file structure23.txt (compact mmCIF, C-alpha atoms)
# COMPACT_ATOMS: atom_id res chain seq x y z
CA MET A 238 -103.63 -18.99 -204.85
CA SER A 239 -105.85 -22.04 -204.91
CA ASP A 240 -106.54 -24.42 -202.05
CA THR A 241 -104.59 -27.11 -203.89
CA ASP A 242 -101.45 -24.95 -203.95
CA PRO A 243 -101.23 -23.59 -200.40
CA TYR A 244 -98.50 -21.11 -199.60
CA ASP A 245 -97.90 -20.29 -195.95
CA LEU A 246 -95.97 -17.03 -195.51
CA ASP A 247 -95.81 -17.45 -191.74
CA ALA A 248 -94.23 -20.90 -192.05
CA TYR A 249 -91.73 -19.66 -194.64
CA LEU A 250 -90.63 -16.68 -192.55
CA ASP A 251 -90.35 -18.91 -189.49
CA ARG A 252 -88.19 -21.37 -191.47
CA ILE A 253 -85.74 -18.62 -192.48
CA GLY A 254 -85.85 -16.96 -189.08
CA TRP A 255 -87.15 -13.56 -190.26
CA LYS A 256 -88.73 -11.60 -187.40
CA GLY A 257 -88.63 -8.15 -188.98
CA GLU A 258 -91.15 -5.95 -190.75
CA ARG A 259 -93.68 -7.39 -193.18
CA HIS A 260 -94.30 -4.58 -195.62
CA ALA A 261 -92.87 -3.83 -199.04
CA GLY A 262 -89.82 -1.78 -198.14
CA LEU A 263 -86.09 -2.06 -198.82
CA ALA A 264 -85.25 -3.23 -195.29
CA THR A 265 -87.73 -6.10 -195.64
CA LEU A 266 -86.40 -7.10 -199.07
CA ARG A 267 -82.80 -7.10 -197.85
CA GLY A 268 -83.64 -8.90 -194.62
CA VAL A 269 -85.75 -11.65 -196.16
CA HIS A 270 -83.24 -12.17 -198.98
CA LEU A 271 -80.31 -12.57 -196.57
CA ALA A 272 -82.26 -14.76 -194.17
CA HIS A 273 -83.28 -17.09 -197.01
CA ALA A 274 -79.72 -17.29 -198.36
CA LEU A 275 -78.33 -18.21 -194.94
CA SER A 276 -81.06 -20.71 -194.04
CA LEU A 277 -81.96 -22.85 -197.05
CA PRO A 278 -79.34 -25.04 -198.76
CA PHE A 279 -78.77 -25.49 -202.48
CA GLU A 280 -79.01 -29.06 -203.78
CA ASN A 281 -79.85 -31.16 -206.83
CA LEU A 282 -80.85 -34.50 -205.32
CA ASP A 283 -84.10 -34.79 -207.33
CA PRO A 284 -82.30 -34.49 -210.70
CA LEU A 285 -79.79 -37.08 -209.50
CA ARG A 286 -82.75 -39.45 -209.27
CA GLY A 287 -83.81 -38.53 -212.80
CA THR A 288 -86.69 -36.27 -211.76
CA ALA A 289 -87.23 -32.56 -212.34
CA PRO A 290 -88.35 -31.11 -208.98
CA SER A 291 -91.88 -29.78 -208.68
CA LEU A 292 -92.27 -26.00 -208.65
CA ALA A 293 -95.81 -26.13 -207.24
CA PRO A 294 -96.10 -23.98 -204.10
CA ALA A 295 -97.41 -26.86 -201.98
CA ASP A 296 -94.49 -29.08 -202.99
CA LEU A 297 -91.93 -26.35 -202.37
CA MET A 298 -93.40 -25.78 -198.92
CA ALA A 299 -93.32 -29.50 -198.11
CA LYS A 300 -89.77 -29.98 -199.34
CA MET A 301 -87.91 -26.79 -198.39
CA VAL A 302 -89.95 -25.26 -195.56
CA HIS A 303 -91.33 -28.26 -193.68
CA GLY A 304 -88.71 -30.79 -194.79
CA ARG A 305 -84.92 -30.93 -194.37
CA ARG A 306 -84.20 -30.32 -198.03
CA GLY A 307 -83.04 -27.53 -200.29
CA GLY A 308 -83.33 -26.96 -204.02
CA TYR A 309 -81.78 -25.31 -207.03
CA CYS A 310 -82.44 -21.95 -208.65
CA TYR A 311 -85.99 -22.55 -209.89
CA GLU A 312 -87.11 -23.77 -206.48
CA HIS A 313 -85.30 -21.14 -204.41
CA ASN A 314 -86.36 -18.16 -206.48
CA THR A 315 -89.95 -19.40 -206.88
CA LEU A 316 -90.17 -19.70 -203.10
CA LEU A 317 -88.69 -16.23 -202.64
CA ARG A 318 -91.00 -14.77 -205.30
CA LEU A 319 -94.06 -16.17 -203.53
CA ALA A 320 -92.90 -14.61 -200.27
CA LEU A 321 -92.14 -11.22 -201.78
CA GLU A 322 -95.47 -11.09 -203.60
CA ALA A 323 -97.27 -12.01 -200.38
CA LEU A 324 -95.43 -9.12 -198.71
CA GLY A 325 -96.62 -6.70 -201.40
CA PHE A 326 -93.64 -6.44 -203.76
CA PRO A 327 -94.19 -6.44 -207.55
CA VAL A 328 -91.86 -9.18 -208.86
CA THR A 329 -90.83 -10.05 -212.44
CA PRO A 330 -89.13 -13.41 -213.07
CA LEU A 331 -86.10 -13.18 -215.37
CA ALA A 332 -83.79 -15.75 -216.97
CA ALA A 333 -80.01 -15.54 -217.25
CA ARG A 334 -77.19 -17.15 -219.18
CA VAL A 335 -74.47 -18.41 -216.81
CA VAL A 336 -71.05 -17.13 -217.91
CA ALA A 337 -68.94 -18.33 -214.97
CA GLY A 338 -66.45 -20.85 -216.32
CA ALA A 339 -67.65 -20.39 -219.92
CA GLY A 340 -65.12 -19.68 -222.64
CA THR A 341 -67.93 -18.74 -225.03
CA PRO A 342 -70.95 -17.62 -222.97
CA GLU A 343 -73.21 -17.37 -226.04
CA ASN A 344 -73.05 -21.17 -226.39
CA ARG A 345 -74.91 -21.57 -223.12
CA PRO A 346 -78.71 -21.31 -222.95
CA ARG A 347 -80.59 -19.15 -220.49
CA THR A 348 -81.19 -21.64 -217.73
CA HIS A 349 -80.77 -19.61 -214.53
CA ALA A 350 -83.78 -18.09 -212.78
CA LEU A 351 -83.61 -14.72 -211.01
CA LEU A 352 -85.99 -11.93 -209.98
CA LYS A 353 -86.49 -8.23 -210.63
CA VAL A 354 -88.19 -6.62 -207.64
CA GLU A 355 -89.86 -3.21 -207.52
CA VAL A 356 -89.46 -1.50 -204.14
CA PRO A 357 -91.89 1.29 -203.26
CA GLY A 358 -90.04 4.57 -202.81
CA GLU A 359 -86.88 3.36 -204.57
CA PRO A 360 -85.94 4.90 -207.94
CA ARG A 361 -84.69 1.63 -209.45
CA PRO A 362 -85.77 -1.99 -209.26
CA TYR A 363 -83.56 -4.54 -207.51
CA LEU A 364 -81.99 -7.78 -208.66
CA ALA A 365 -82.81 -10.57 -206.20
CA ASP A 366 -81.37 -14.08 -206.48
CA VAL A 367 -81.08 -16.71 -203.73
CA GLY A 368 -80.57 -19.65 -206.10
CA PHE A 369 -77.09 -19.26 -207.62
CA GLY A 370 -75.15 -22.11 -206.07
CA ALA A 371 -71.67 -20.62 -205.79
CA ALA A 372 -69.36 -19.07 -203.21
CA GLY A 373 -69.73 -15.68 -204.91
CA ALA A 374 -73.53 -15.68 -205.10
CA LEU A 375 -75.61 -12.72 -203.96
CA LEU A 376 -76.51 -12.64 -200.30
CA LEU A 377 -78.23 -9.27 -200.57
CA PRO A 378 -80.21 -7.81 -203.49
CA VAL A 379 -78.56 -5.09 -205.58
CA PRO A 380 -80.14 -2.18 -207.47
CA LEU A 381 -80.28 -2.46 -211.25
CA ALA A 382 -77.74 0.26 -211.93
CA PRO A 383 -74.41 -0.10 -213.77
CA GLY A 384 -70.97 0.44 -212.29
CA ALA A 385 -71.60 0.89 -208.57
CA GLU A 386 -70.01 -1.66 -206.25
CA HIS A 387 -72.16 -3.19 -203.53
CA GLU A 388 -70.60 -4.67 -200.40
CA GLY A 389 -72.99 -6.87 -198.48
CA ALA A 390 -72.70 -9.67 -195.93
CA GLY A 391 -68.99 -10.06 -196.70
CA ARG A 392 -69.34 -10.22 -200.50
CA ARG A 393 -68.84 -7.59 -203.20
CA HIS A 394 -70.82 -7.35 -206.44
CA ARG A 395 -71.45 -4.98 -209.29
CA LEU A 396 -73.61 -4.87 -212.41
CA ALA A 397 -72.11 -4.02 -215.78
CA ARG A 398 -73.62 -3.67 -219.23
CA ALA A 399 -72.40 -6.16 -221.84
CA ALA A 400 -72.40 -5.67 -225.60
CA HIS A 401 -74.80 -7.79 -227.68
CA ASP A 402 -76.99 -7.58 -230.76
CA GLY A 403 -80.39 -7.69 -229.04
CA PRO A 404 -82.85 -4.81 -228.59
CA LEU A 405 -82.71 -4.86 -224.78
CA GLU A 406 -79.84 -3.86 -222.51
CA LEU A 407 -77.77 -6.84 -221.43
CA TRP A 408 -76.69 -6.89 -217.79
CA GLU A 409 -73.79 -8.90 -216.33
CA LEU A 410 -73.61 -9.62 -212.62
CA GLN A 411 -70.00 -9.72 -211.47
CA ALA A 412 -68.52 -10.90 -208.17
CA TYR A 413 -65.21 -9.80 -206.68
CA ASP A 414 -62.76 -12.66 -206.08
CA ARG A 415 -60.73 -11.88 -202.97
CA ARG A 416 -58.11 -14.48 -203.90
CA THR A 417 -57.27 -12.99 -207.30
CA GLY A 418 -58.32 -9.40 -206.73
CA GLU A 419 -60.34 -9.52 -209.94
CA TRP A 420 -63.98 -9.22 -210.96
CA ALA A 421 -65.55 -12.34 -212.45
CA GLY A 422 -68.81 -12.56 -214.41
CA GLN A 423 -71.50 -14.80 -212.97
CA TYR A 424 -74.36 -14.48 -215.46
CA ARG A 425 -75.92 -12.21 -218.09
CA PHE A 426 -79.58 -11.27 -218.45
CA THR A 427 -82.02 -8.81 -219.94
CA GLU A 428 -85.16 -7.47 -218.29
CA GLU A 429 -87.46 -9.48 -220.55
CA PRO A 430 -90.08 -11.14 -218.32
CA PHE A 431 -90.41 -14.92 -218.29
CA THR A 432 -93.46 -16.94 -217.26
CA ALA A 433 -94.07 -20.02 -215.14
CA ALA A 434 -94.46 -22.02 -218.38
CA ASP A 435 -90.94 -20.97 -219.46
CA PHE A 436 -89.46 -22.14 -216.17
CA GLU A 437 -91.30 -25.45 -216.34
CA VAL A 438 -89.45 -26.12 -219.62
CA PHE A 439 -86.10 -24.93 -218.25
CA ASN A 440 -86.61 -26.99 -215.10
CA TRP A 441 -87.46 -30.15 -217.06
CA PHE A 442 -84.39 -29.76 -219.29
CA VAL A 443 -81.93 -29.00 -216.49
CA GLY A 444 -83.46 -31.63 -214.19
CA THR A 445 -83.61 -34.53 -216.64
CA HIS A 446 -81.27 -34.07 -219.63
CA PRO A 447 -78.36 -36.54 -219.52
CA ARG A 448 -75.88 -33.77 -220.42
CA SER A 449 -77.01 -31.50 -217.62
CA PRO A 450 -74.39 -31.36 -214.84
CA PHE A 451 -77.20 -31.55 -212.29
CA THR A 452 -78.19 -35.06 -213.41
CA ARG A 453 -74.67 -36.49 -213.18
CA ARG A 454 -73.21 -35.66 -209.76
CA PRO A 455 -74.29 -34.01 -206.51
CA TYR A 456 -74.04 -30.28 -205.99
CA LEU A 457 -74.69 -29.28 -202.39
CA GLN A 458 -74.13 -25.73 -201.16
CA ARG A 459 -74.58 -24.07 -197.78
CA THR A 460 -73.74 -20.52 -196.77
CA THR A 461 -73.32 -19.10 -193.27
CA ALA A 462 -71.97 -15.76 -192.07
CA ALA A 463 -68.55 -17.39 -191.59
CA TRP A 464 -68.14 -19.72 -194.57
CA HIS A 465 -69.49 -21.26 -197.75
CA LEU A 466 -69.49 -25.04 -198.03
CA SER A 467 -69.89 -26.97 -201.28
CA LEU A 468 -69.90 -30.60 -202.31
CA ASP A 469 -69.24 -31.07 -206.03
CA GLY A 470 -69.20 -34.79 -206.73
CA ALA A 471 -66.87 -36.10 -204.01
CA ARG A 472 -64.93 -32.82 -203.59
CA LEU A 473 -65.79 -30.89 -200.43
CA THR A 474 -64.73 -27.23 -200.45
CA ARG A 475 -64.97 -24.77 -197.59
CA THR A 476 -64.47 -21.08 -198.42
CA ALA A 477 -63.96 -18.81 -195.42
CA ALA A 478 -65.21 -15.21 -195.30
CA ASP A 479 -61.66 -13.98 -195.99
CA GLY A 480 -61.43 -16.08 -199.16
CA THR A 481 -59.33 -18.90 -197.69
CA VAL A 482 -60.19 -22.21 -199.36
CA THR A 483 -59.72 -25.73 -197.99
CA GLU A 484 -60.59 -28.90 -199.90
CA ARG A 485 -60.80 -32.62 -199.29
CA THR A 486 -62.20 -35.64 -201.12
CA LEU A 487 -64.94 -37.77 -199.56
CA THR A 488 -64.62 -41.52 -199.97
CA ASP A 489 -67.15 -42.99 -197.52
CA GLU A 490 -70.87 -42.93 -198.37
CA ALA A 491 -72.07 -43.12 -194.75
CA ALA A 492 -69.79 -40.24 -193.77
CA ALA A 493 -70.99 -38.21 -196.77
CA ARG A 494 -74.62 -38.68 -195.75
CA ARG A 495 -73.85 -37.63 -192.17
CA LEU A 496 -72.04 -34.56 -193.45
CA ALA A 497 -75.02 -33.69 -195.68
CA ALA A 498 -77.32 -33.84 -192.66
CA GLN A 499 -75.05 -32.11 -190.13
CA GLU A 500 -73.24 -29.49 -192.23
CA PHE A 501 -75.66 -28.82 -195.10
CA GLY A 502 -78.94 -29.48 -193.28
CA ILE A 503 -80.05 -31.93 -195.98
CA GLU A 504 -81.58 -35.35 -195.38
CA VAL A 505 -80.50 -37.46 -198.35
CA PRO A 506 -83.40 -39.66 -199.56
CA GLU A 507 -83.14 -43.38 -198.97
CA GLY A 508 -81.78 -45.28 -201.93
CA LEU A 509 -79.81 -42.33 -203.34
CA ALA A 510 -76.03 -42.68 -203.24
CA LEU A 511 -74.18 -39.38 -202.96
CA LEU A 512 -70.81 -40.78 -204.02
CA GLY A 513 -72.04 -43.08 -206.80
call {"tool": "encode", "arguments": {"input": "structure23.txt", "output": "structure tokens"}}
result
Amino acid sequence: MSDTDPYDLDAYLDRIGWKGERHAGLATLRGVHLAHALSLPFENLDPLRGTAPSLAPADLMAKMVHGRRGGYCYEHNTLLRLALEALGFPVTPLAARVVAGAGTPENRPRTHALLKVEVPGEPRPYLADVGFGAAGALLLPVPLAPGAEHEGAGRRHRLARAAHDGPLELWELQAYDRRTGEWAGQYRFTEEPFTAADFEVFNWFVGTHPRSPFTRRPYLQRTTAAWHLSLDGARLTRTAADGTVTERTLTDEAAARRLAAQEFGIEVPEGLALLG
């Protein structure tokens, strides 16, 4: 990494509170993944200002490690990738098509970033993803194997194979919904590797296109061991570990900014209105 793009592993691990081992093993992957997911918020405040966020390591460090900000999938998973590579893990960036809430998933482009991680001594690679802003997102990585259910940090996931016409196997990550007792698809992906240039294009489109949901209203997400909190527009939703959901609508801009700082850990930039 060049001097103009500094990446500080010590500062990153201090920011997420990871005090464990620093070698490429499964315990390290699981621990760093969970610590990141519980420490760094999800947010789209740069796209709300009409700007695609920078994915340069120095800018990610300044914003998410040294500043009181979060990011969306490209930022989160780039930051995690840099950490895992510094710890000795081979990492392959992948791209997924979000199927949650989609009647026809094929109509959606691949715009979600995720990671395939090789773990020394493990027979299969792992899916790692700390950037899916939803109450059912992964908190722990899962092995790339179909069918098995994985319970971790209070959430349950499984990987299934989906039918398609392409030459590569298509995976679907599914999350268990405690309220309905059903499995719900989150996104679909193949193991085709994607490059930094691909994600620069995805990031520009998602961060600036007028039809992108991230350019039209705020999405703030924060996860703790006890609850998941989200702000979608003016709707604030708290999902408890047992699946209980409470909602309310925010109407006061000053109160919304205080809530962003106190509950989400996000300092909203001056001049940006959360509630429009």
call {"tool": "residues_around", "arguments": {"input": "structure23.txt", "residues": "A:Asp479", "least_positions_apart": "6", "cutoff": "9 Å", "atoms": "only C-alpha atoms", "output": "PyMOL selection string"}}
result
chain A and resi 391+415-416+463-464
call {"tool": "write_last_selection", "arguments": {"input": "structure23.txt", "atoms": "C-alpha atoms", "output": "PDB file, in the frame of the given file"}}
result
ATOM      1  CA  GLY A 391     -68.990 -10.060-196.700  1.00  0.00           C
ATOM      2  CA  ARG A 415     -60.730 -11.880-202.970  1.00  0.00           C
ATOM      3  CA  ARG A 416     -58.110 -14.480-203.900  1.00  0.00           C
ATOM      4  CA  ALA A 463     -68.550 -17.390-191.590  1.00  0.00           C
ATOM      5  CA  TRP A 464     -68.140 -19.720-194.570  1.00  0.00           C
TER       6      TRP A 464
END
call {"tool": "atom_distance", "arguments": {"input": "structure23.txt", "atom1": "atom CA of A:His313", "atom2": "atom CA of A:Thr461"}}
result
16.5 Å
call {"tool": "residues_around", "arguments": {"input": "structure23.txt", "residues": "A:His394", "least_positions_apart": "6", "cutoff": "9 Å", "atoms": "all atoms listed in the file", "output": "tab-separated table (two decimals) with C-alpha atoms, in the coordinates of the input"}}
result
chain	number	residue	atom	x	y	z
A	373	GLY	CA	-69.73	-15.68	-204.91
A	374	ALA	CA	-73.53	-15.68	-205.10
A	375	LEU	CA	-75.61	-12.72	-203.96
A	379	VAL	CA	-78.56	-5.09	-205.58
A	385	ALA	CA	-71.60	0.89	-208.57
A	386	GLU	CA	-70.01	-1.66	-206.25
A	387	HIS	CA	-72.16	-3.19	-203.53
A	388	GLU	CA	-70.60	-4.67	-200.40
A	410	LEU	CA	-73.61	-9.62	-212.62
A	411	GLN	CA	-70.00	-9.72	-211.47
A	412	ALA	CA	-68.52	-10.90	-208.17
A	413	TYR	CA	-65.21	-9.80	-206.68
A	420	TRP	CA	-63.98	-9.22	-210.96
call {"tool": "closest_residue", "arguments": {"input": "structure23.txt", "among": "A:Ala372, A:Val443, A:Leu263, A:Ala399", "to": "A:Pro346", "atoms": "only C-alpha atoms"}}
result
A:Val443
call {"tool": "residues_near_point", "arguments": {"input": "structure23.txt", "point": "(-89.3, -19.7, -189.8)", "cutoff": "12 Å", "atoms": "all atoms listed in the file", "output": "list in words"}}
result
Asp245, Leu246, Asp247, Ala248, Tyr249, Leu250, Asp251, Arg252, Ile253, Gly254, Trp255, Lys256, Gly257, Val269, Ala272, His273, Ser276, Leu277, Met298, Met301, Val302 and His303 of chain A
call {"tool": "closest_residue", "arguments": {"input": "structure23.txt", "among": "A:Val505, A:Leu473, A:Ala397, A:Leu381", "to": "A:Glu428", "atoms": "only C-alpha atoms"}}
result
A:Leu381
call {"tool": "residues_around", "arguments": {"input": "structure23.txt", "residues": "stretch 446-454 of chain A", "least_positions_apart": "5", "cutoff": "7 Å", "atoms": "only C-alpha atoms", "output": "compact mmCIF listing (two decimals) with C-alpha atoms, in the coordinates of the input"}}
result
# COMPACT_ATOMS: atom_id res chain seq x y z
CA ASN A 281 -79.85 -31.16 -206.83
CA PRO A 284 -82.30 -34.49 -210.70
CA LEU A 285 -79.79 -37.08 -209.50
CA GLY A 287 -83.81 -38.53 -212.80
CA GLY A 470 -69.20 -34.79 -206.73
call {"tool": "residues_around", "arguments": {"input": "structure23.txt", "residues": "A:Ala433", "least_positions_apart": "6", "cutoff": "10 Å", "atoms": "all atoms listed in the file", "output": "JSON, numbers by chain"}}
result
{"A": [292, 311, 315, 330, 439]}
call {"tool": "atom_distance", "arguments": {"input": "structure23.txt", "atom1": "atom CA of A:Pro243", "atom2": "atom CA of A:Ala261"}}
result
21.5 Å
call {"tool": "closest_residue", "arguments": {"input": "structure23.txt", "among": "A:Gln423, A:Ser467, A:Thr417, A:Thr483", "to": "A:Gly338", "atoms": "only C-alpha atoms"}}
result
A:Gln423
call {"tool": "closest_residue", "arguments": {"input": "structure23.txt", "among": "A:Leu282, A:Phe436, A:Glu322, A:Thr476", "to": "A:Ala510", "atoms": "only C-alpha atoms"}}
result
A:Leu282
call {"tool": "closest_residue", "arguments": {"input": "structure23.txt", "among": "A:Ala491, A:Ala497, A:Leu317, A:Leu468", "to": "A:Pro294", "atoms": "only C-alpha atoms"}}
result
A:Leu317
call {"tool": "atom_distance", "arguments": {"input": "structure23.txt", "atom1": "atom CA of A:Arg472", "atom2": "atom CA of A:Ala421"}}
result
22.3 Å
call {"tool": "closest_residue", "arguments": {"input": "structure23.txt", "among": "A:Pro383, A:Phe279, A:Leu271, A:Asp469", "to": "A:Arg306", "atoms": "only C-alpha atoms"}}
result
A:Phe279
call {"tool": "residues_around", "arguments": {"input": "structure23.txt", "residues": "A:Glu312", "least_positions_apart": "4", "cutoff": "7 Å", "atoms": "all atoms listed in the file", "output": "JSON, numbers by chain"}}
result
{"A": [292, 297, 308, 316]}
call {"tool": "build_atoms", "arguments": {"input": "structure23.txt", "residues": "stretch 457-485 of chain A", "atoms": "N, CA and C atoms", "output": "compact mmCIF listing (two decimals), in the frame of the given file"}}
result
# COMPACT_ATOMS: atom_id res chain seq x y z
N LEU A 457 -74.10 -29.77 -203.63
CA LEU A 457 -74.69 -29.28 -202.39
C LEU A 457 -73.96 -28.00 -202.00
N GLN A 458 -74.72 -27.01 -201.56
CA GLN A 458 -74.13 -25.73 -201.16
C GLN A 458 -74.81 -25.25 -199.89
N ARG A 459 -74.02 -24.67 -199.01
CA ARG A 459 -74.58 -24.07 -197.78
C ARG A 459 -73.75 -22.85 -197.43
N THR A 460 -74.42 -21.77 -197.11
CA THR A 460 -73.74 -20.52 -196.77
C THR A 460 -74.11 -20.10 -195.35
N THR A 461 -73.10 -19.71 -194.58
CA THR A 461 -73.32 -19.10 -193.27
C THR A 461 -72.59 -17.75 -193.27
N ALA A 462 -72.67 -17.04 -192.16
CA ALA A 462 -71.97 -15.76 -192.07
C ALA A 462 -70.46 -15.95 -192.07
N ALA A 463 -69.98 -17.15 -191.72
CA ALA A 463 -68.55 -17.39 -191.59
C ALA A 463 -67.92 -18.13 -192.76
N TRP A 464 -68.72 -18.90 -193.52
CA TRP A 464 -68.14 -19.72 -194.57
C TRP A 464 -69.17 -20.14 -195.60
N HIS A 465 -68.66 -20.62 -196.72
CA HIS A 465 -69.49 -21.26 -197.75
C HIS A 465 -68.97 -22.66 -197.95
N LEU A 466 -69.87 -23.64 -197.92
CA LEU A 466 -69.49 -25.04 -198.03
C LEU A 466 -70.13 -25.61 -199.30
N SER A 467 -69.34 -26.35 -200.08
CA SER A 467 -69.89 -26.97 -201.28
C SER A 467 -69.39 -28.39 -201.42
N LEU A 468 -70.27 -29.24 -201.93
CA LEU A 468 -69.90 -30.60 -202.31
C LEU A 468 -70.19 -30.74 -203.80
N ASP A 469 -69.14 -30.91 -204.58
CA ASP A 469 -69.24 -31.07 -206.03
C ASP A 469 -68.71 -32.46 -206.35
N GLY A 470 -69.62 -33.40 -206.61
CA GLY A 470 -69.20 -34.79 -206.73
C GLY A 470 -68.73 -35.27 -205.36
N ALA A 471 -67.46 -35.66 -205.28
CA ALA A 471 -66.87 -36.10 -204.01
C ALA A 471 -65.98 -35.03 -203.40
N ARG A 472 -65.84 -33.87 -204.06
CA ARG A 472 -64.93 -32.82 -203.59
C ARG A 472 -65.66 -31.85 -202.67
N LEU A 473 -65.21 -31.79 -201.42
CA LEU A 473 -65.79 -30.89 -200.43
C LEU A 473 -64.90 -29.66 -200.30
N THR A 474 -65.49 -28.48 -200.49
CA THR A 474 -64.73 -27.23 -200.45
C THR A 474 -65.36 -26.29 -199.43
N ARG A 475 -64.52 -25.77 -198.56
CA ARG A 475 -64.97 -24.77 -197.59
C ARG A 475 -64.25 -23.46 -197.90
N THR A 476 -65.02 -22.40 -198.13
CA THR A 476 -64.47 -21.08 -198.42
C THR A 476 -64.80 -20.15 -197.26
N ALA A 477 -63.77 -19.69 -196.57
CA ALA A 477 -63.96 -18.81 -195.42
C ALA A 477 -64.32 -17.40 -195.89
N ALA A 478 -64.80 -16.57 -194.96
CA ALA A 478 -65.21 -15.21 -195.30
C ALA A 478 -64.06 -14.39 -195.86
N ASP A 479 -62.81 -14.72 -195.47
CA ASP A 479 -61.66 -13.98 -195.99
C ASP A 479 -61.15 -14.51 -197.32
N GLY A 480 -61.84 -15.51 -197.89
CA GLY A 480 -61.43 -16.08 -199.16
C GLY A 480 -60.57 -17.31 -199.06
N THR A 481 -60.15 -17.70 -197.86
CA THR A 481 -59.33 -18.90 -197.69
C THR A 481 -60.13 -20.14 -198.06
N VAL A 482 -59.51 -21.02 -198.86
CA VAL A 482 -60.19 -22.21 -199.36
C VAL A 482 -59.48 -23.46 -198.87
N THR A 483 -60.25 -24.41 -198.35
CA THR A 483 -59.72 -25.73 -197.99
C THR A 483 -60.56 -26.78 -198.71
N GLU A 484 -59.90 -27.86 -199.15
CA GLU A 484 -60.59 -28.90 -199.90
C GLU A 484 -60.19 -30.27 -199.38
N ARG A 485 -61.11 -31.22 -199.52
CA ARG A 485 -60.80 -32.62 -199.29
C ARG A 485 -61.76 -33.48 -200.11
